[in-house]
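Content type TSV, C-alpha atoms, from the file final09.tsv:
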```tsv
chain	number	residue	atom	x	y	z
A	1322	MET	CA	-77.77	2.20	1.82
A	1323	ARG	CA	-75.39	4.31	-0.26
A	1324	SER	CA	-72.51	2.11	0.84
A	1325	GLY	CA	-74.37	-1.01	-0.35
A	1326	THR	CA	-75.10	0.59	-3.73
A	1327	THR	CA	-71.46	1.59	-4.11
A	1328	GLY	CA	-70.39	-1.97	-3.30
A	1329	LYS	CA	-72.72	-3.39	-5.92
A	1330	ARG	CA	-71.37	-0.94	-8.48
A	1331	ARG	CA	-67.81	-1.94	-7.66
A	1332	LEU	CA	-68.70	-5.61	-7.93
A	1333	THR	CA	-70.44	-5.05	-11.28
A	1334	LYS	CA	-67.45	-3.06	-12.53
A	1335	ALA	CA	-65.06	-5.76	-11.34
A	1336	ARG	CA	-67.11	-8.48	-13.08
A	1337	THR	CA	-67.19	-6.43	-16.28
A	1338	CYS	CA	-63.43	-5.88	-16.19
A	1339	TRP	CA	-62.83	-9.58	-15.49
A	1340	THR	CA	-65.12	-10.60	-18.39
A	1341	VAL	CA	-63.36	-8.26	-20.81
A	1342	ALA	CA	-59.93	-9.37	-19.60
A	1343	ALA	CA	-60.90	-13.03	-19.90
A	1344	ALA	CA	-62.26	-12.49	-23.37
A	1345	LEU	CA	-59.14	-10.63	-24.47
A	1346	GLY	CA	-56.97	-13.30	-22.94
A	1347	TRP	CA	-58.94	-16.01	-24.72
A	1348	LEU	CA	-58.66	-14.18	-28.03
A	1349	ALA	CA	-54.90	-13.92	-27.57
A	1350	CYS	CA	-54.71	-17.66	-26.91
A	1351	ALA	CA	-56.91	-18.33	-29.95
A	1352	ALA	CA	-54.67	-16.17	-32.13
A	1353	VAL	CA	-51.61	-18.09	-30.95
A	1354	SER	CA	-53.39	-21.38	-31.69
A	1355	ILE	CA	-54.31	-20.26	-35.19
A	1356	ARG	CA	-50.82	-18.98	-35.98
A	1357	ALA	CA	-49.43	-22.31	-34.77
A	1358	ALA	CA	-51.15	-23.99	-37.71
A	1359	GLU	CA	-48.20	-23.23	-40.00
A	1360	PRO	CA	-46.63	-26.46	-41.31
A	1361	GLU	CA	-43.25	-27.50	-39.97
A	1362	PRO	CA	-40.42	-27.48	-42.59
A	1363	GLY	CA	-39.84	-30.96	-43.98
A	1364	GLY	CA	-42.69	-32.61	-42.08
A	1365	LEU	CA	-46.41	-32.69	-41.48
A	1366	ASP	CA	-48.21	-30.56	-38.93
A	1367	VAL	CA	-51.44	-32.00	-37.52
A	1368	VAL	CA	-53.65	-29.25	-36.11
A	1369	LYS	CA	-56.60	-30.12	-33.87
A	1370	VAL	CA	-59.48	-27.93	-35.00
A	1371	HIS	CA	-62.17	-29.68	-32.93
A	1372	PRO	CA	-62.20	-33.00	-31.02
A	1373	ASN	CA	-63.43	-34.72	-34.18
A	1374	PHE	CA	-61.74	-32.52	-36.77
A	1375	TYR	CA	-58.11	-31.97	-37.78
A	1376	MET	CA	-56.07	-30.17	-40.42
A	1377	ILE	CA	-52.95	-31.77	-41.86
A	1378	ALA	CA	-50.48	-29.24	-43.29
A	1379	GLY	CA	-47.23	-29.85	-45.14
A	1380	ALA	CA	-48.43	-32.60	-47.53
A	1381	GLY	CA	-48.98	-30.23	-50.44
A	1382	GLY	CA	-52.38	-28.63	-50.07
A	1383	ASN	CA	-53.92	-28.62	-46.59
A	1384	ILE	CA	-56.03	-31.69	-45.79
A	1385	GLY	CA	-59.21	-31.61	-43.70
A	1386	VAL	CA	-59.87	-34.70	-41.56
A	1387	GLN	CA	-63.31	-35.40	-40.09
A	1388	ILE	CA	-63.58	-38.45	-37.81
A	1389	GLY	CA	-66.74	-40.15	-36.55
A	1390	MET	CA	-68.59	-43.41	-36.09
A	1391	ASP	CA	-68.87	-43.96	-39.87
A	1392	GLY	CA	-65.17	-43.53	-40.47
A	1393	VAL	CA	-62.94	-40.77	-41.86
A	1394	VAL	CA	-63.83	-38.09	-44.40
A	1395	LEU	CA	-60.92	-36.24	-46.01
A	1396	VAL	CA	-61.01	-32.96	-47.89
A	1397	ASP	CA	-58.21	-33.17	-50.45
A	1398	ALA	CA	-55.40	-35.72	-50.35
A	1399	GLY	CA	-52.15	-33.78	-50.77
A	1400	THR	CA	-49.36	-35.03	-52.99
A	1401	GLU	CA	-48.71	-38.64	-53.90
A	1402	GLY	CA	-45.24	-38.46	-52.36
A	1403	ALA	CA	-46.66	-37.49	-48.96
A	1404	SER	CA	-49.42	-40.15	-48.97
A	1405	SER	CA	-47.61	-42.59	-46.67
A	1406	GLN	CA	-46.94	-39.83	-44.14
A	1407	VAL	CA	-50.52	-38.61	-44.31
A	1408	LEU	CA	-51.85	-42.13	-43.78
A	1409	ALA	CA	-49.50	-42.65	-40.82
A	1410	GLU	CA	-50.77	-39.43	-39.18
A	1411	ILE	CA	-54.41	-40.44	-39.73
A	1412	ARG	CA	-53.67	-43.84	-38.14
A	1413	LYS	CA	-52.39	-42.00	-35.05
A	1414	LEU	CA	-55.75	-40.29	-34.78
A	1415	THR	CA	-58.05	-43.27	-35.44
A	1416	ASP	CA	-58.19	-46.88	-36.58
A	1417	LEU	CA	-61.41	-46.22	-38.50
A	1418	PRO	CA	-61.24	-46.49	-42.31
A	1419	ILE	CA	-61.18	-43.60	-44.76
A	1420	ARG	CA	-64.61	-43.53	-46.40
A	1421	TYR	CA	-64.59	-40.39	-48.57
A	1422	ILE	CA	-62.08	-38.04	-50.14
A	1423	ILE	CA	-63.65	-34.79	-51.35
A	1424	ASP	CA	-61.53	-32.73	-53.75
A	1425	THR	CA	-61.70	-28.92	-53.74
A	1426	ASN	CA	-59.86	-28.55	-57.07
A	1427	ALA	CA	-57.80	-30.44	-59.64
A	1428	ASP	CA	-54.30	-29.18	-58.73
A	1429	PRO	CA	-51.65	-31.91	-58.25
A	1430	ASP	CA	-50.82	-30.83	-54.69
A	1431	HIS	CA	-54.45	-31.48	-53.74
A	1432	VAL	CA	-55.38	-34.59	-55.73
A	1433	SER	CA	-52.32	-36.66	-56.66
A	1434	GLY	CA	-52.57	-38.47	-53.31
A	1435	ASN	CA	-56.15	-39.58	-54.06
A	1436	GLY	CA	-55.24	-43.03	-55.31
A	1437	LYS	CA	-53.10	-44.24	-52.41
A	1438	LEU	CA	-55.36	-42.84	-49.70
A	1439	ALA	CA	-58.51	-44.21	-51.37
A	1440	LYS	CA	-56.96	-47.69	-51.68
A	1441	ALA	CA	-56.07	-47.57	-47.99
A	1442	GLY	CA	-59.72	-46.81	-47.20
A	1443	LEU	CA	-62.93	-48.81	-47.37
A	1444	THR	CA	-66.10	-48.24	-49.35
A	1445	ILE	CA	-69.35	-47.50	-47.52
A	1446	PHE	CA	-71.16	-49.96	-49.83
A	1447	THR	CA	-71.62	-53.50	-48.56
A	1448	ASN	CA	-70.93	-56.58	-50.64
A	1449	ALA	CA	-72.66	-59.34	-48.71
A	1450	LEU	CA	-72.28	-61.89	-51.52
A	1451	GLY	CA	-68.55	-61.27	-51.90
A	1452	ASN	CA	-68.85	-60.61	-55.63
A	1453	SER	CA	-65.46	-59.22	-56.73
A	1454	THR	CA	-66.88	-57.99	-60.02
A	1455	PHE	CA	-69.37	-55.82	-58.15
A	1456	VAL	CA	-66.62	-54.41	-55.96
A	1457	ASN	CA	-64.38	-53.51	-58.87
A	1458	ALA	CA	-67.19	-52.02	-60.93
A	1459	MET	CA	-69.09	-50.07	-58.30
A	1460	THR	CA	-66.89	-49.12	-55.37
A	1461	ASN	CA	-63.42	-48.07	-56.46
A	1462	GLY	CA	-62.06	-51.56	-55.91
A	1463	GLY	CA	-63.45	-51.63	-52.40
A	1464	GLY	CA	-61.61	-48.44	-51.44
A	1465	ALA	CA	-62.85	-45.06	-50.33
A	1466	SER	CA	-64.96	-42.96	-52.68
A	1467	ILE	CA	-63.40	-39.89	-54.31
A	1468	MET	CA	-65.95	-37.11	-54.72
A	1469	ALA	CA	-65.57	-33.90	-56.74
A	1470	HIS	CA	-67.37	-31.59	-59.12
A	1471	GLU	CA	-67.40	-32.86	-62.70
A	1472	SER	CA	-65.05	-30.02	-63.69
A	1473	VAL	CA	-62.36	-31.71	-61.56
A	1474	LEU	CA	-62.95	-35.02	-63.34
A	1475	LYS	CA	-62.68	-33.29	-66.73
A	1476	ARG	CA	-59.38	-31.68	-65.76
A	1477	MET	CA	-57.92	-34.91	-64.39
A	1478	SER	CA	-59.07	-37.23	-67.18
A	1479	ALA	CA	-58.81	-36.96	-70.97
A	1480	PRO	CA	-60.85	-37.81	-74.08
A	1481	THR	CA	-60.51	-41.32	-75.47
A	1482	GLY	CA	-57.16	-41.75	-77.18
A	1483	LYS	CA	-55.55	-38.87	-75.27
A	1484	THR	CA	-53.14	-39.10	-72.34
A	1485	SER	CA	-54.69	-37.92	-69.06
A	1486	ALA	CA	-52.92	-35.62	-66.64
A	1487	PHE	CA	-53.43	-38.09	-63.76
A	1488	PRO	CA	-53.59	-41.89	-63.45
A	1489	VAL	CA	-57.07	-43.39	-63.41
A	1490	GLU	CA	-56.92	-44.45	-59.75
A	1491	THR	CA	-56.76	-40.78	-58.70
A	1492	TRP	CA	-59.86	-39.70	-60.64
A	1493	PRO	CA	-63.11	-38.87	-58.84
A	1494	THR	CA	-65.40	-41.90	-58.59
A	1495	GLU	CA	-68.41	-39.74	-57.68
A	1496	ALA	CA	-68.64	-36.61	-59.84
A	1497	PHE	CA	-71.50	-34.16	-59.34
A	1498	TYR	CA	-72.60	-31.56	-61.89
A	1499	THR	CA	-74.83	-29.38	-59.70
A	1500	ASP	CA	-73.68	-26.26	-57.86
A	1501	ARG	CA	-74.35	-27.98	-54.53
A	1502	LYS	CA	-73.78	-31.58	-53.46
A	1503	TYR	CA	-74.51	-32.95	-50.01
A	1504	ILE	CA	-73.98	-36.15	-48.07
A	1505	ARG	CA	-74.35	-37.12	-44.41
A	1506	MET	CA	-71.44	-38.83	-42.70
A	1507	ASN	CA	-70.66	-39.25	-39.01
A	1508	ASP	CA	-74.07	-37.77	-38.17
A	1509	GLU	CA	-73.11	-34.52	-39.87
A	1510	ALA	CA	-74.32	-32.78	-43.00
A	1511	ILE	CA	-71.46	-32.14	-45.42
A	1512	GLU	CA	-72.03	-29.78	-48.35
A	1513	ALA	CA	-69.82	-29.11	-51.37
A	1514	PHE	CA	-70.42	-25.79	-53.16
A	1515	TYR	CA	-69.06	-25.33	-56.68
A	1516	GLN	CA	-67.37	-21.96	-57.28
A	1517	PRO	CA	-67.12	-21.22	-61.03
A	1518	ALA	CA	-64.29	-19.18	-62.56
A	1519	ALA	CA	-62.45	-18.39	-59.32
A	1520	HIS	CA	-58.94	-19.79	-58.73
A	1521	SER	CA	-59.81	-21.92	-61.77
A	1522	ASP	CA	-62.94	-23.39	-63.34
A	1523	ALA	CA	-62.82	-26.38	-60.98
A	1524	ASP	CA	-63.12	-25.09	-57.40
A	1525	SER	CA	-65.42	-26.06	-54.55
A	1526	PHE	CA	-65.87	-25.26	-50.86
A	1527	VAL	CA	-66.65	-28.12	-48.48
A	1528	PHE	CA	-68.77	-27.13	-45.46
A	1529	PHE	CA	-69.15	-29.33	-42.38
A	1530	ARG	CA	-72.27	-28.00	-40.71
A	1531	ARG	CA	-72.07	-29.37	-37.18
A	1532	SER	CA	-68.30	-29.01	-36.90
A	1533	ASP	CA	-68.66	-25.44	-38.26
A	1534	VAL	CA	-65.63	-25.83	-40.54
A	1535	VAL	CA	-65.25	-24.84	-44.20
A	1536	ALA	CA	-62.43	-26.17	-46.38
A	1537	ALA	CA	-61.82	-23.44	-48.97
A	1538	GLY	CA	-59.18	-24.97	-51.23
A	1539	ASP	CA	-56.93	-22.61	-53.18
A	1540	ILE	CA	-59.51	-19.84	-53.32
A	1541	LEU	CA	-57.95	-18.89	-49.98
A	1542	ASP	CA	-54.17	-19.16	-49.59
A	1543	THR	CA	-52.61	-17.30	-46.66
A	1544	THR	CA	-49.05	-17.93	-47.87
A	1545	ARG	CA	-49.27	-15.80	-51.02
A	1546	PHE	CA	-51.42	-13.67	-53.29
A	1547	PRO	CA	-54.24	-15.61	-54.98
A	1548	VAL	CA	-53.17	-17.81	-57.85
A	1549	ILE	CA	-55.74	-17.10	-60.55
A	1550	ASP	CA	-55.29	-19.72	-63.25
A	1551	ILE	CA	-56.41	-17.76	-66.32
A	1552	ALA	CA	-55.55	-20.62	-68.68
A	1553	ASN	CA	-57.94	-22.92	-66.80
A	1554	GLY	CA	-60.87	-20.55	-66.43
A	1555	GLY	CA	-59.87	-18.48	-63.38
A	1556	THR	CA	-60.95	-14.82	-63.12
A	1557	VAL	CA	-60.42	-12.10	-60.54
A	1558	GLN	CA	-64.16	-11.38	-60.33
A	1559	GLY	CA	-64.87	-15.07	-59.79
A	1560	GLU	CA	-62.23	-15.08	-57.04
A	1561	ILE	CA	-63.90	-12.13	-55.32
A	1562	ASP	CA	-67.36	-13.69	-55.72
A	1563	ALA	CA	-66.09	-16.93	-54.18
A	1564	LEU	CA	-64.48	-15.10	-51.25
A	1565	ASN	CA	-67.75	-13.24	-50.67
A	1566	ARG	CA	-69.60	-16.54	-50.56
A	1567	LEU	CA	-67.03	-17.94	-48.15
A	1568	ILE	CA	-67.52	-14.91	-45.90
A	1569	ALA	CA	-71.28	-15.52	-46.02
A	1570	LEU	CA	-70.83	-19.19	-45.05
A	1571	ALA	CA	-68.53	-18.42	-42.13
A	1572	VAL	CA	-70.06	-17.04	-38.93
A	1573	PRO	CA	-68.01	-14.80	-36.59
A	1574	PRO	CA	-68.12	-15.14	-32.79
A	1575	GLY	CA	-70.72	-13.28	-30.78
A	1576	PRO	CA	-72.39	-12.10	-28.76
A	1577	PHE	CA	-70.34	-14.13	-26.23
A	1578	ILE	CA	-66.90	-13.99	-27.84
A	1579	TYR	CA	-65.33	-16.15	-25.15
A	1580	GLU	CA	-67.40	-19.16	-26.24
A	1581	GLY	CA	-65.58	-19.71	-29.53
A	1582	VAL	CA	-64.00	-18.08	-32.57
A	1583	GLY	CA	-66.90	-18.89	-34.86
A	1584	THR	CA	-66.47	-20.82	-38.09
A	1585	TYR	CA	-62.99	-22.17	-38.82
A	1586	VAL	CA	-61.81	-21.91	-42.43
A	1587	ILE	CA	-59.14	-24.26	-43.76
A	1588	PRO	CA	-57.24	-22.56	-46.60
A	1589	GLY	CA	-55.60	-24.38	-49.47
A	1590	HIS	CA	-52.22	-23.51	-47.93
A	1591	GLY	CA	-51.17	-21.79	-44.73
A	1592	ARG	CA	-52.60	-21.27	-41.27
A	1593	LEU	CA	-56.07	-22.02	-39.97
A	1594	CYS	CA	-58.38	-19.02	-40.45
A	1595	VAL	CA	-61.57	-17.44	-39.16
A	1596	GLN	CA	-64.06	-15.19	-40.94
A	1597	LEU	CA	-62.13	-11.97	-40.32
A	1598	ASP	CA	-59.08	-13.43	-42.07
A	1599	VAL	CA	-61.22	-14.12	-45.14
A	1600	VAL	CA	-62.62	-10.57	-45.03
A	1601	ASN	CA	-59.11	-9.12	-44.95
A	1602	TYR	CA	-58.03	-11.37	-47.83
A	1603	ARG	CA	-61.08	-10.38	-49.90
A	1604	ASP	CA	-60.47	-6.70	-49.20
A	1605	MET	CA	-56.87	-7.06	-50.36
A	1606	VAL	CA	-57.99	-8.63	-53.66
A	1607	VAL	CA	-60.58	-5.89	-54.21
A	1608	VAL	CA	-58.11	-3.06	-53.51
A	1609	VAL	CA	-55.51	-4.48	-55.90
A	1610	ARG	CA	-58.17	-5.20	-58.53
A	1611	ASP	CA	-59.52	-1.65	-58.35
A	1612	THR	CA	-56.03	-0.12	-58.48
A	1613	ILE	CA	-55.13	-2.13	-61.58
A	1614	ALA	CA	-58.48	-1.32	-63.20
A	1615	ASP	CA	-57.78	2.39	-62.71
A	1616	LEU	CA	-54.31	2.05	-64.25
A	1617	ILE	CA	-55.83	0.22	-67.23
A	1618	LYS	CA	-58.26	3.10	-67.72
A	1619	GLN	CA	-55.22	5.42	-67.84
A	1620	GLY	CA	-53.91	3.40	-70.76
A	1621	LYS	CA	-51.06	1.71	-68.85
A	1622	THR	CA	-49.53	-1.46	-70.26
A	1623	LEU	CA	-48.91	-4.58	-68.17
A	1624	SER	CA	-45.23	-3.68	-67.90
A	1625	GLN	CA	-46.06	-0.17	-66.69
A	1626	ILE	CA	-48.57	-1.54	-64.21
A	1627	GLN	CA	-45.98	-3.98	-62.84
A	1628	GLU	CA	-43.60	-1.04	-62.36
A	1629	ALA	CA	-46.31	0.90	-60.50
A	1630	SER	CA	-46.45	-1.93	-57.88
A	1631	PRO	CA	-50.22	-1.92	-57.27
A	1632	ALA	CA	-49.92	-4.75	-54.72
A	1633	LYS	CA	-47.04	-3.21	-52.75
A	1634	PRO	CA	-49.04	-2.42	-49.56
A	1635	PHE	CA	-49.71	-6.17	-49.16
A	1636	GLU	CA	-46.37	-7.63	-50.26
A	1637	THR	CA	-45.02	-8.06	-46.74
A	1638	GLU	CA	-47.80	-10.52	-45.95
A	1639	TYR	CA	-48.57	-12.15	-49.29
A	1640	GLY	CA	-45.61	-11.46	-51.59
A	1641	THR	CA	-42.82	-13.41	-49.92
A	1642	GLN	CA	-42.91	-16.32	-52.37
A	1643	PRO	CA	-40.90	-15.65	-55.58
A	1644	GLY	CA	-43.17	-14.58	-58.41
A	1645	SER	CA	-46.29	-14.36	-56.26
A	1646	THR	CA	-46.75	-10.60	-56.62
A	1647	SER	CA	-45.96	-10.31	-60.33
A	1648	GLY	CA	-48.04	-13.41	-61.12
A	1649	PHE	CA	-51.04	-12.03	-59.26
A	1650	VAL	CA	-50.80	-8.60	-60.91
A	1651	GLU	CA	-50.50	-10.22	-64.34
A	1652	SER	CA	-53.48	-12.50	-63.78
A	1653	VAL	CA	-55.64	-9.59	-62.60
A	1654	TYR	CA	-54.59	-7.54	-65.65
A	1655	LYS	CA	-55.36	-10.38	-68.05
A	1656	SER	CA	-58.67	-11.07	-66.34
A	1657	LEU	CA	-59.74	-7.41	-66.60
A	1658	THR	CA	-58.63	-6.99	-70.22
A	1659	ALA	CA	-59.98	-10.30	-71.53
A	1660	LYS	CA	-62.57	-9.99	-74.26
A	1661	LYS	CA	-66.06	-10.58	-72.93
```
Entire entry expressed as structure tokens:
Amino acid sequence: MRSGTTGKRRLTKARTCWTVAAALGWLACAAVSIRAAEPEPGGLDVVKVHPNFYMIAGAGGNIGVQIGMDGVVLVDAGTEGASSQVLAEIRKLTDLPIRYIIDTNADPDHVSGNGKLAKAGLTIFTNALGNSTFVNAMTNGGGASIMAHESVLKRMSAPTGKTSAFPVETWPTEAFYTDRKYIRMNDEAIEAFYQPAAHSDADSFVFFRRSDVVAAGDILDTTRFPVIDIANGGTVQGEIDALNRLIALAVPPGPFIYEGVGTYVIPGHGRLCVQLDVVNYRDMVVVVRDTIADLIKQGKTLSQIQEASPAKPFETEYGTQPGSTSGFVESVYKSLTAKK
């Protein structure tokens, strides 16, 4: 009887050890897969996130690609110069047309490819009577729709008589003014959440519910410290608030960690992320913000704060790009000392 009990204990212990080992092995494989999402120099890197979801890196800002029976939904479009390459990579994945491009911000490396990719797509609206006037007036010339928050449209366009920053064909054709916009494509709910005063005043997250993927735009950039565009409404507190919301949207794995990594997060630039990566990034921003705030209370000038190197503990990971560290410290300083 004792021998049988001992055998059961050994078997239970063996199963437990095997489960832990398998889980650790899976996590190691997952980490390798996520690190492999870095773009290849001089080319595009297509990363398979899920069977129906991909990330294209190396075309400027990262591009999210959702594929389904309705067609293709893109999050951001990269640069105009990379449009032909991006389209060629999408054609390798599917013959279905691009239906929507959803912009996360108004930066050129995210939106200047809008025009070419939209023209290569096909509107979801039907035109049974073949009326060309209807097509041109209502559906972006028959191409894919370009969706973004109205703040993106304001940044990309210009008042009458002024020269706009981008050609008309790249502008959003569907601009929403609410904090949340939703559509359903490919049998999946897709939500865009406006994030005010973060990287800029024109940022949004795009959340694909069933795929469990969030495209974060430049609020999250694993290649450098956050770029907080003070001149265009960015603030360090808005950046932190947006990262907190992103953490709340993303769900970590558990209780069975071998069944998946949880929510994938596509950053504006850099490798594919999970919730813990966002937590670490948020914590870094908070630590640097608090350090600079303390130096400001001591009466230090921007020059003195730069010399104190408040972001030094994180430079190895986020300060490799020229000017990234000093630019981040300066933007935090200006954000904290701006008149309310």
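When only C-alpha atoms are used to compute distances to A:Ile1549, the closest of the residues A:Val1653, A:Ala1536, A:Ile1504, A:Cys1594 turns out to be A:Val1653.
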TODO: Could you check how far atom CA of A:Gln1558 sits from atom CA of A:Ser1630, in Å to one decimal?
DONE: 20.2 Å
Open item on the list: Just checking: using all atoms listed in the file, which residue out of A:Val1432, A:Leu1623, A:Val1367, A:Ile1422 ends up closest to A:Val1527?
Closed with: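 Ranked by minimum distance to A:Val1527, first place goes to A:Ile1422.
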Open item on the list: Under the rule that all atoms listed in the file are counted, which of A:Ala1441, A:Ile1587, A:Val1650, A:Met1506 is the nearest residue to A:Leu1616?
Closed with: A:Val1650
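Within 10 Å of A:Ser1525, once all atoms listed in the file are used and residues closer than 4 positions along the same chain are dropped, the contacting residues are Ile1423, Asp1424, Thr1425, Asn1426, Ala1469, His1470, Ser1472, Val1473, Asp1500, Arg1501, Glu1512, Ala1513, Phe1514, Tyr1515, Gln1516, Pro1517, Ala1519, His1520, Ala1536, Ala1537, Gly1538, Asp1539, Ile1540 and Ala1563 of chain A.
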TODO: Go through A:Gly1482, A:Gly1402, A:Pro1493, A:Pro1634 one by one, measure the shortest atom-to-atom distance of each to A:Val1606 using all atoms listed in the file, and give the residue with the smallest value.
DONE: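 Closest to A:Val1606, using all atoms listed in the file: A:Pro1634.
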Task: Gap from atom CA of A:Gly1554 to atom CA of A:Asp1524 - Å, one decimal - done: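 Distance reported for this atom pair: 10.4 Å.
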TODO: For atom CA of A:Arg1505 and atom CA of A:Leu1408, determine how far apart the two atoms are, in Å to one decimal place.
DONE: 23.1 Å
Task: Nearest residue to A:Thr1491 from the set A:Ser1624, A:Thr1543, A:Ser1405, A:Ser1466 (distances using only C-alpha atoms) - done: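 Of A:Ser1624, A:Thr1543, A:Ser1405, A:Ser1466, the one nearest A:Thr1491, counting only C-alpha atoms, is A:Ser1466.
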Task: 9 Å contact set for A:Val1393, all atoms listed in the file, chain neighbours under 2 positions out, as a list in words - done: Val1386, Gln1387, Ile1388, Gly1389, Met1390, Asp1391, Leu1395, Ile1411, Thr1415, Leu1417, Pro1418, Ile1419, Arg1420, Tyr1421, Ile1422, Gly1442, Met1506 and Asn1507 of chain A
Task: Nearest to A:Pro1429, chosen from A:Phe1446, A:Tyr1602, A:Phe1529, A:Trp1492, with only C-alpha atoms counted in the distances - done: A:Trp1492
- [ ] Tell me, as a PyMOL selection string, which residues lie within 12 Å of A:Ser1656, counting all atoms listed in the file; anything in the same chain fewer than 2 positions away does not count.
- [x] chain A and resi 1518-1521+1549-1560+1610+1613-1614+1617+1623+1649-1654+1658-1661
